[in-house]
>>> print(open('query-v9.pdb').read())   # PDB, C-alpha atoms
MODEL        1
ATOM      1  CA  MET W  14     137.269 118.507 184.959
ATOM      2  CA  ILE W  15     135.710 118.326 181.501
ATOM      3  CA  LYS W  16     138.390 118.279 178.820
ATOM      4  CA  PRO W  17     137.972 120.229 175.572
ATOM      5  CA  ALA W  18     135.886 118.365 172.996
ATOM      6  CA  ASP W  19     134.945 118.585 169.350
ATOM      7  CA  VAL W  20     131.297 119.636 169.496
ATOM      8  CA  SER W  21     131.045 120.798 165.897
ATOM      9  CA  THR W  22     128.026 120.002 163.755
ATOM     10  CA  LYS W  23     130.109 117.459 161.827
ATOM     11  CA  ARG W  24     131.114 115.730 165.074
ATOM     12  CA  LEU W  25     127.501 115.526 166.297
ATOM     13  CA  ILE W  26     126.133 114.101 163.048
ATOM     14  CA  SER W  27     128.991 111.609 162.664
ATOM     15  CA  LEU W  28     127.912 109.891 165.924
ATOM     16  CA  ALA W  29     125.184 107.988 164.042
ATOM     17  CA  PRO W  30     125.038 109.173 160.431
ATOM     18  CA  ASP W  31     122.630 106.453 159.219
ATOM     19  CA  ASN W  32     120.022 107.302 161.850
ATOM     20  CA  TRP W  33     120.568 111.000 161.253
ATOM     21  CA  VAL W  34     119.929 110.906 157.495
ATOM     22  CA  LYS W  35     116.914 108.599 158.006
ATOM     23  CA  TRP W  36     115.502 111.199 160.391
ATOM     24  CA  VAL W  37     116.150 114.359 158.360
ATOM     25  CA  THR W  38     114.947 112.859 155.050
ATOM     26  CA  GLN W  39     112.244 110.503 156.392
ATOM     27  CA  ILE W  40     113.522 107.881 153.920
ATOM     28  CA  PRO W  41     113.614 104.600 155.910
ATOM     29  CA  ASP W  42     115.997 102.625 153.665
ATOM     30  CA  ILE W  43     118.574 105.360 153.152
ATOM     31  CA  VAL W  44     122.208 104.565 154.006
ATOM     32  CA  ALA W  45     124.829 107.189 154.852
ATOM     33  CA  GLY W  46     128.180 107.086 153.158
ATOM     34  CA  GLU W  47     131.090 109.514 153.338
ATOM     35  CA  ILE W  48     130.821 112.863 155.110
ATOM     36  CA  LEU W  49     132.176 115.118 152.379
ATOM     37  CA  ASN W  50     134.131 118.343 152.345
ATOM     38  CA  SER W  51     131.588 121.188 152.358
ATOM     39  CA  GLU W  52     134.116 123.909 151.555
ATOM     40  CA  PHE W  53     133.402 125.592 148.260
ATOM     41  CA  GLN W  54     135.494 128.051 146.292
ATOM     42  CA  TRP W  55     133.698 131.089 147.690
ATOM     43  CA  ILE W  56     131.946 129.769 150.794
ATOM     44  CA  SER W  57     133.093 127.788 153.820
ATOM     45  CA  ARG W  58     130.833 127.397 156.869
ATOM     46  CA  GLU W  59     131.326 125.119 159.862
ATOM     47  CA  SER W  60     127.556 124.692 160.277
ATOM     48  CA  ASP W  61     127.301 122.863 156.927
ATOM     49  CA  VAL W  62     127.587 119.080 156.869
ATOM     50  CA  LEU W  63     127.396 117.341 153.507
ATOM     51  CA  ILE W  64     126.759 113.581 153.431
ATOM     52  CA  ARG W  65     126.812 111.259 150.429
ATOM     53  CA  VAL W  66     123.878 108.847 150.770
ATOM     54  CA  GLU W  67     122.177 106.103 148.796
ATOM     55  CA  SER W  68     118.731 104.532 148.710
ATOM     56  CA  PRO W  69     117.193 101.844 146.451
ATOM     57  CA  GLN W  70     114.522 104.258 145.221
ATOM     58  CA  HIS W  71     116.555 107.445 144.711
ATOM     59  CA  GLY W  72     120.067 106.146 144.094
ATOM     60  CA  GLN W  73     123.041 108.244 145.167
ATOM     61  CA  PHE W  74     122.520 111.835 146.267
ATOM     62  CA  LEU W  75     123.750 114.378 148.825
ATOM     63  CA  VAL W  76     122.125 115.426 152.084
ATOM     64  CA  LEU W  77     123.084 118.991 152.924
ATOM     65  CA  ASN W  78     122.619 119.774 156.631
ATOM     66  CA  GLU W  79     122.603 123.415 157.695
ATOM     67  CA  LEU W  80     122.244 124.027 161.461
ATOM     68  CA  GLN W  81     121.326 127.526 162.610
ATOM     69  CA  LEU W  82     121.172 128.713 166.207
ATOM     70  CA  ARG W  83     118.195 130.842 165.186
ATOM     71  CA  TYR W  84     116.509 131.274 161.804
ATOM     72  CA  LYS W  85     117.641 134.288 159.758
ATOM     73  CA  PRO W  86     115.710 135.876 156.864
ATOM     74  CA  GLU W  87     118.582 135.285 154.430
ATOM     75  CA  MET W  88     118.424 131.484 154.869
ATOM     76  CA  PRO W  89     116.210 130.685 151.807
ATOM     77  CA  ARG W  90     118.722 132.361 149.475
ATOM     78  CA  ARG W  91     121.613 130.713 151.300
ATOM     79  CA  MET W  92     120.019 127.245 151.025
ATOM     80  CA  ARG W  93     119.615 127.759 147.287
ATOM     81  CA  ALA W  94     123.284 128.723 146.961
ATOM     82  CA  TYR W  95     124.609 125.857 149.094
ATOM     83  CA  ALA W  96     122.513 123.251 147.282
ATOM     84  CA  ALA W  97     123.698 124.466 143.869
ATOM     85  CA  LEU W  98     127.358 124.598 144.908
ATOM     86  CA  ALA W  99     127.207 121.089 146.384
ATOM     87  CA  GLU W 100     125.522 119.695 143.280
ATOM     88  CA  GLU W 101     128.107 121.283 140.998
ATOM     89  CA  LYS W 102     131.092 120.138 143.075
ATOM     90  CA  TYR W 103     130.043 116.485 143.418
ATOM     91  CA  ASN W 104     127.767 116.105 140.372
ATOM     92  CA  LEU W 105     124.982 114.618 142.490
ATOM     93  CA  PRO W 106     121.443 115.826 143.262
ATOM     94  CA  THR W 107     121.155 117.514 146.654
ATOM     95  CA  TYR W 108     118.572 117.201 149.415
ATOM     96  CA  PRO W 109     118.933 120.379 151.556
ATOM     97  CA  VAL W 110     117.827 120.412 155.203
ATOM     98  CA  LEU W 111     117.683 123.483 157.434
ATOM     99  CA  ILE W 112     117.712 122.705 161.168
ATOM    100  CA  ASN W 113     116.826 125.636 163.439
ATOM    101  CA  ILE W 114     117.882 125.148 167.057
ATOM    102  CA  LEU W 115     116.187 127.968 168.990
ATOM    103  CA  LYS W 116     112.905 129.712 168.238
ATOM    104  CA  ALA W 117     113.383 133.314 167.103
ATOM    105  CA  SER W 118     109.733 134.324 166.646
ATOM    106  CA  ASP W 119     106.252 132.967 165.911
ATOM    107  CA  ALA W 120     106.581 133.821 162.213
ATOM    108  CA  GLU W 121     106.278 130.886 159.819
ATOM    109  CA  ILE W 122     109.625 129.721 158.450
ATOM    110  CA  PRO W 123     109.600 129.293 154.653
ATOM    111  CA  THR W 124     110.509 125.931 153.129
ATOM    112  CA  SER W 125     111.552 127.196 149.709
ATOM    113  CA  TYR W 126     113.308 129.958 147.833
ATOM    114  CA  ALA W 127     111.459 131.405 144.857
ATOM    115  CA  LEU W 128     112.383 134.237 142.507
ATOM    116  CA  ASN W 129     110.782 135.379 139.252
ATOM    117  CA  ILE W 130     112.517 137.909 137.024
ATOM    118  CA  ALA W 131     110.912 138.715 133.675
ATOM    119  CA  GLY W 132     109.321 135.267 133.546
ATOM    120  CA  LEU W 133     112.481 133.368 134.494
ATOM    121  CA  ARG W 134     112.069 131.426 137.732
ATOM    122  CA  ALA W 135     114.562 130.237 140.324
ATOM    123  CA  ILE W 136     113.111 127.752 142.822
ATOM    124  CA  GLN W 137     114.771 125.756 145.582
ATOM    125  CA  ASP W 138     112.788 123.637 148.023
ATOM    126  CA  TYR W 139     114.366 122.459 151.275
ATOM    127  CA  ARG W 140     113.197 120.671 154.382
ATOM    128  CA  VAL W 141     112.887 122.671 157.612
ATOM    129  CA  ILE W 142     113.266 121.033 161.024
ATOM    130  CA  ASN W 143     112.652 123.213 164.074
ATOM    131  CA  LEU W 144     114.122 121.494 167.116
ATOM    132  CA  TRP W 145     111.570 123.046 169.482
ATOM    133  CA  GLU W 146     108.880 121.126 167.533
ATOM    134  CA  VAL W 147     110.747 117.777 167.685
ATOM    135  CA  ASP W 148     109.457 115.382 170.368
ATOM    136  CA  VAL W 149     112.194 114.681 172.883
ATOM    137  CA  GLU W 150     111.429 110.945 172.847
ATOM    138  CA  ILE W 151     112.897 110.715 169.336
ATOM    139  CA  ALA W 152     116.362 111.359 170.789
ATOM    140  CA  PHE W 153     116.002 108.378 173.128
ATOM    141  CA  GLN W 154     113.993 105.880 171.044
ATOM    142  CA  GLN W 155     115.450 105.947 167.503
ATOM    143  CA  PRO W 156     118.173 106.392 168.912
ATOM    144  CA  LEU W 157     119.615 109.709 167.797
ATOM    145  CA  PRO W 158     122.654 110.492 169.959
ATOM    146  CA  SER W 159     123.232 113.606 167.844
ATOM    147  CA  LEU W 160     120.090 115.085 169.422
ATOM    148  CA  LEU W 161     120.927 114.248 173.050
ATOM    149  CA  PRO W 162     122.852 117.496 173.699
ATOM    150  CA  PHE W 163     119.773 119.407 172.469
ATOM    151  CA  VAL W 164     117.323 117.603 174.792
ATOM    152  CA  PRO W 165     116.533 120.676 176.955
ATOM    153  CA  ILE W 166     115.187 122.638 173.986
ATOM    154  CA  LEU W 167     113.311 119.747 172.320
ATOM    155  CA  LYS W 168     109.535 119.525 172.790
ATOM    156  CA  GLY W 169     108.942 118.053 176.262
ATOM    157  CA  GLY W 170     112.629 118.043 177.165
ATOM    158  CA  GLU W 171     112.740 121.040 179.457
ATOM    159  CA  ASN W 172     112.133 119.180 182.732
ATOM    160  CA  GLU W 173     114.915 118.214 185.118
ATOM    161  CA  SER W 174     114.345 114.437 185.014
ATOM    162  CA  THR W 175     114.604 114.273 181.214
ATOM    163  CA  ILE W 176     117.791 116.349 181.219
ATOM    164  CA  ARG W 177     119.277 114.061 183.885
ATOM    165  CA  GLU W 178     118.377 111.025 181.747
ATOM    166  CA  ALA W 179     120.157 112.531 178.735
ATOM    167  CA  LEU W 180     123.177 113.331 180.905
ATOM    168  CA  GLN W 181     123.385 109.720 182.143
ATOM    169  CA  ILE W 182     123.424 108.420 178.569
ATOM    170  CA  LEU W 183     126.117 110.883 177.538
ATOM    171  CA  ARG W 184     128.322 110.056 180.521
ATOM    172  CA  ALA W 185     127.950 106.296 180.050
ATOM    173  CA  ASP W 186     129.376 106.380 176.512
ATOM    174  CA  GLU W 187     132.999 107.311 175.897
ATOM    175  CA  GLN W 188     132.069 108.698 172.476
ATOM    176  CA  LEU W 189     129.418 110.953 173.958
ATOM    177  CA  ASN W 190     130.600 112.033 177.394
ATOM    178  CA  GLN W 191     132.437 115.125 176.175
ATOM    179  CA  LEU W 192     129.161 116.506 174.823
ATOM    180  CA  GLU W 193     127.732 117.246 178.265
ATOM    181  CA  THR W 194     128.916 120.854 178.029
ATOM    182  CA  VAL W 195     126.575 121.289 175.042
ATOM    183  CA  LEU W 196     123.725 119.754 177.058
ATOM    184  CA  ALA W 197     124.563 122.102 179.954
ATOM    185  CA  PHE W 198     124.602 125.114 177.644
ATOM    186  CA  PHE W 199     121.087 124.450 176.355
ATOM    187  CA  ALA W 200     119.884 123.486 179.835
ATOM    188  CA  THR W 201     120.606 127.067 180.953
ATOM    189  CA  PHE W 202     117.867 128.206 178.573
ATOM    190  CA  VAL W 203     115.197 126.292 180.531
ATOM    191  CA  LEU W 204     116.571 125.820 184.076
ATOM    192  CA  GLU W 205     118.211 128.030 186.686
ATOM    193  CA  SER W 206     122.006 128.068 186.357
ATOM    194  CA  THR W 207     122.335 126.875 189.963
ATOM    195  CA  LEU W 208     120.194 123.818 189.183
ATOM    196  CA  VAL W 209     122.211 123.087 186.026
ATOM    197  CA  GLN W 210     125.348 123.279 188.130
ATOM    198  CA  GLU W 211     123.851 120.828 190.633
ATOM    199  CA  ILE W 212     122.793 118.404 187.877
ATOM    200  CA  MET W 213     126.179 118.494 186.184
ATOM    201  CA  ARG W 214     128.101 118.440 189.482
ATOM    202  CA  TRP W 215     130.790 120.777 188.201
ATOM    203  CA  ASP W 216     131.508 124.469 188.336
ATOM    204  CA  MET W 217     129.660 126.460 185.669
ATOM    205  CA  ALA W 218     133.000 128.032 184.748
ATOM    206  CA  VAL W 219     133.555 124.770 182.839
ATOM    207  CA  LEU W 220     130.609 125.686 180.621
ATOM    208  CA  HIS W 221     132.101 129.103 179.880
ATOM    209  CA  GLU W 222     135.277 127.362 178.708
ATOM    210  CA  SER W 223     133.470 124.907 176.448
ATOM    211  CA  PRO W 224     134.055 125.175 172.676
ATOM    212  CA  TRP W 225     130.312 125.602 171.978
ATOM    213  CA  TYR W 226     129.966 128.507 174.407
ATOM    214  CA  GLN W 227     133.173 130.117 173.195
ATOM    215  CA  GLU W 228     132.091 129.794 169.565
ATOM    216  CA  ILE W 229     128.939 131.787 170.305
ATOM    217  CA  LEU W 230     130.908 134.420 172.210
ATOM    218  CA  ARG W 231     133.368 134.705 169.319
ATOM    219  CA  GLU W 232     130.475 135.289 166.931
ATOM    220  CA  GLY W 233     129.399 138.221 169.071
ATOM    221  CA  GLU W 234     132.935 139.555 169.340
ATOM    222  CA  ALA W 235     133.504 139.207 165.590
ATOM    223  CA  ARG W 236     130.334 141.121 164.821
ATOM    224  CA  GLY W 237     131.312 143.761 167.354
ATOM    225  CA  GLU W 238     134.862 144.084 166.022
ATOM    226  CA  ALA W 239     133.664 144.418 162.439
ATOM    227  CA  ARG W 240     131.356 147.245 163.399
ATOM    228  CA  GLY W 241     133.856 148.638 165.889
ATOM    229  CA  GLU W 242     136.376 149.318 163.136
ATOM    230  CA  LEU W 243     133.939 151.854 161.758
ATOM    231  CA  ARG W 244     132.147 153.178 164.814
ATOM    232  CA  GLY W 245     134.491 152.708 167.756
ATOM    233  CA  ARG W 246     134.639 150.679 170.943
ATOM    234  CA  LYS W 247     131.227 151.792 172.194
ATOM    235  CA  GLU W 248     129.425 150.502 169.109
ATOM    236  CA  GLU W 249     131.482 147.326 169.350
ATOM    237  CA  LEU W 250     130.123 146.729 172.846
ATOM    238  CA  TYR W 251     126.570 147.512 171.751
ATOM    239  CA  SER W 252     126.867 144.923 168.975
ATOM    240  CA  GLY W 253     128.269 142.231 171.284
ATOM    241  CA  ILE W 254     125.563 142.900 173.897
ATOM    242  CA  GLU W 255     122.830 142.799 171.256
ATOM    243  CA  LEU W 256     123.945 139.396 169.971
ATOM    244  CA  ALA W 257     124.358 137.991 173.509
ATOM    245  CA  LEU W 258     120.819 139.130 174.390
ATOM    246  CA  GLU W 259     119.441 137.537 171.218
ATOM    247  CA  ILE W 260     121.218 134.246 171.881
ATOM    248  CA  LYS W 261     120.217 133.914 175.534
ATOM    249  CA  PHE W 262     116.753 135.497 175.693
ATOM    250  CA  GLY W 263     115.542 135.807 172.091
ATOM    251  CA  ASN W 264     113.199 138.692 171.213
ATOM    252  CA  GLN W 265     112.526 139.441 174.875
ATOM    253  CA  GLY W 266     116.209 140.145 175.365
ATOM    254  CA  SER W 267     116.520 142.221 172.194
ATOM    255  CA  GLU W 268     113.754 144.502 173.469
ATOM    256  CA  LEU W 269     116.181 145.752 176.148
ATOM    257  CA  MET W 270     118.531 147.311 173.576
ATOM    258  CA  PRO W 271     116.752 150.729 173.519
ATOM    259  CA  ILE W 272     117.430 150.971 177.271
ATOM    260  CA  ILE W 273     121.025 149.775 176.973
ATOM    261  CA  SER W 274     121.723 152.193 174.114
ATOM    262  CA  GLN W 275     121.136 155.045 176.583
ATOM    263  CA  ILE W 276     124.234 153.943 178.520
ATOM    264  CA  THR W 277     127.410 155.533 177.193
ATOM    265  CA  ASP W 278     129.916 154.658 179.913
ATOM    266  CA  LEU W 279     132.239 151.917 178.607
ATOM    267  CA  GLN W 280     132.757 150.298 182.020
ATOM    268  CA  LYS W 281     129.015 150.054 182.591
ATOM    269  CA  LEU W 282     128.551 148.505 179.156
ATOM    270  CA  LYS W 283     131.271 145.949 179.923
ATOM    271  CA  ALA W 284     129.534 145.134 183.228
ATOM    272  CA  ILE W 285     126.250 144.542 181.408
ATOM    273  CA  GLN W 286     127.991 142.302 178.850
ATOM    274  CA  GLN W 287     129.433 140.191 181.678
ATOM    275  CA  ALA W 288     126.098 140.130 183.544
ATOM    276  CA  ILE W 289     124.319 138.580 180.557
ATOM    277  CA  LYS W 290     126.517 135.498 180.985
ATOM    278  CA  THR W 291     125.508 134.979 184.623
ATOM    279  CA  VAL W 292     121.877 136.081 185.025
ATOM    280  CA  ASN W 293     119.095 133.544 184.553
ATOM    281  CA  THR W 294     116.147 135.750 183.608
ATOM    282  CA  VAL W 295     115.355 139.010 181.845
ATOM    283  CA  ASN W 296     114.046 140.370 185.156
ATOM    284  CA  GLU W 297     117.449 139.806 186.782
ATOM    285  CA  LEU W 298     119.114 141.598 183.894
ATOM    286  CA  GLN W 299     116.683 144.504 184.199
ATOM    287  CA  GLN W 300     117.814 144.932 187.810
ATOM    288  CA  VAL W 301     121.422 145.129 186.588
ATOM    289  CA  LEU W 302     120.375 147.737 184.026
ATOM    290  CA  SER W 303     118.624 149.816 186.701
ATOM    291  CA  THR W 304     121.865 149.919 188.669
ATOM    292  CA  ASN W 305     123.889 150.992 185.659
ATOM    293  CA  LEU W 306     121.406 153.630 184.518
ATOM    294  CA  THR W 307     121.920 155.630 187.724
TER     295      THR W 307
ENDMDL
END
>>> encode(input="query-v9.pdb", output="structure tokens")
Amino acid sequence: MIKPADVSTKRLISLAPDNWVKWVTQIPDIVAGEILNSEFQWISRESDVLIRVESPQHGQFLVLNELQLRYKPEMPRRMRAYAALAEEKYNLPTYPVLINILKASDAEIPTSYALNIAGLRAIQDYRVINLWEVDVEIAFQQPLPSLLPFVPILKGGENESTIREALQILRADEQLNQLETVLAFFATFVLESTLVQEIMRWDMAVLHESPWYQEILREGEARGEARGELRGRKEELYSGIELALEIKFGNQGSELMPIISQITDLQKLKAIQQAIKTVNTVNELQQVLSTNLT
């Protein structure tokens, strides 16, 4: 039985902070120092990790790491705000990095925020790292243990043998072995759930109990509850289903919402919400929808 683990962004990066900051900044002689408190007076986000670093060329500065499951249009403005708040709080220049985990669309992701009002400009550059563009070998060769749980969604990491290799490394290290639930979660995006279960050699119910999985479910529930206060239980379910589809299947899943919105029976909507957790493909989910539309 896999025991509960801390799989937060801070936990992942703290596994090898020197190698992490070398990778995200591409500064070879940089050295990581303290992982700082990233809570600000108005903003507190678990996906932020702020690291004090130092290099001979640039001196002391901050590396702001923002991990997003999928890119959102508001991120450029958010990166500007986070960088400014970090710089003000610690009185150090800030190097912001946006790491996107799953691909949301083919649209180009901007690497800066720019605003011009009556000739006054606000500009904030930041580095963008899209994990689906990162070669999987980097996780094994550098080494970057922080990337091992993401192996299935890295470039070239979707095959069974590579996922098994990552799993062996995680299980061989006491510091890393609790992260296999994260690896399993992302493996379900590229492999059949039955194969993931065989590779992991434990019941997939363990995955549903993992902190990472539960965090994503809570995000859906929170969004649903917020909307539900205004529009009722039905809209709450629609919101939760919409987020679950986006997380598991991306745009292809979101395209099913016009069909699902035709269903008004609460029990059928609950059945669809549960089915999203267990099906492996959009086609399988469409079969579930056909049953519930009748």
>>> closest_residue(input="query-v9.pdb", among="W:Glu100, W:Asp42, W:Leu298, W:Ile151", to="Ala284 (chain W)", atoms="only C-alpha atoms")
W:Leu298
>>> resolve_selection(input="query-v9.pdb", expression="the PyMOL selection byres ((chain W and resi 109) around 9)", output="JSON, numbers by chain")
{"W": [75, 76, 77, 78, 79, 92, 93, 95, 96, 107, 108, 110, 111, 138, 139, 140, 141]}
>>> resolve_selection(input="query-v9.pdb", expression="the PyMOL selection byres ((chain W and resi 261) around 9)", output="list in words")
Thr201, Phe202, Leu256, Ala257, Leu258, Glu259, Ile260, Phe262, Gly263, Gly266, Ile289 and Lys290 of chain W
>>> residues_around(input="query-v9.pdb", residues="Glu297 (chain W)", least_positions_apart="4", cutoff="12 Å", atoms="all atoms listed in the file", output="PDB file with C-alpha atoms, in the coordinates of the input")
ATOM      1  CA  GLU W 205     118.211 128.030 186.686  1.00  0.00           C
ATOM      2  CA  PHE W 262     116.753 135.497 175.693  1.00  0.00           C
ATOM      3  CA  GLY W 266     116.209 140.145 175.365  1.00  0.00           C
ATOM      4  CA  ILE W 285     126.250 144.542 181.408  1.00  0.00           C
ATOM      5  CA  ALA W 288     126.098 140.130 183.544  1.00  0.00           C
ATOM      6  CA  ILE W 289     124.319 138.580 180.557  1.00  0.00           C
ATOM      7  CA  LYS W 290     126.517 135.498 180.985  1.00  0.00           C
ATOM      8  CA  THR W 291     125.508 134.979 184.623  1.00  0.00           C
ATOM      9  CA  VAL W 292     121.877 136.081 185.025  1.00  0.00           C
ATOM     10  CA  ASN W 293     119.095 133.544 184.553  1.00  0.00           C
ATOM     11  CA  VAL W 301     121.422 145.129 186.588  1.00  0.00           C
ATOM     12  CA  LEU W 302     120.375 147.737 184.026  1.00  0.00           C
ATOM     13  CA  SER W 303     118.624 149.816 186.701  1.00  0.00           C
ATOM     14  CA  THR W 304     121.865 149.919 188.669  1.00  0.00           C
TER      15      THR W 304
END
>>> residues_around(input="query-v9.pdb", residues="Leu204 (chain W)", least_positions_apart="4", cutoff="12 Å", atoms="only C-alpha atoms", output="ChimeraX atom specification")
/W:165-166,170-174,176,196-200,208-212,292-294
>>> atom_distance(input="query-v9.pdb", atom1="CA of Ile114 (chain W)", atom2="CA of Leu82 (chain W)")
4.9 Å
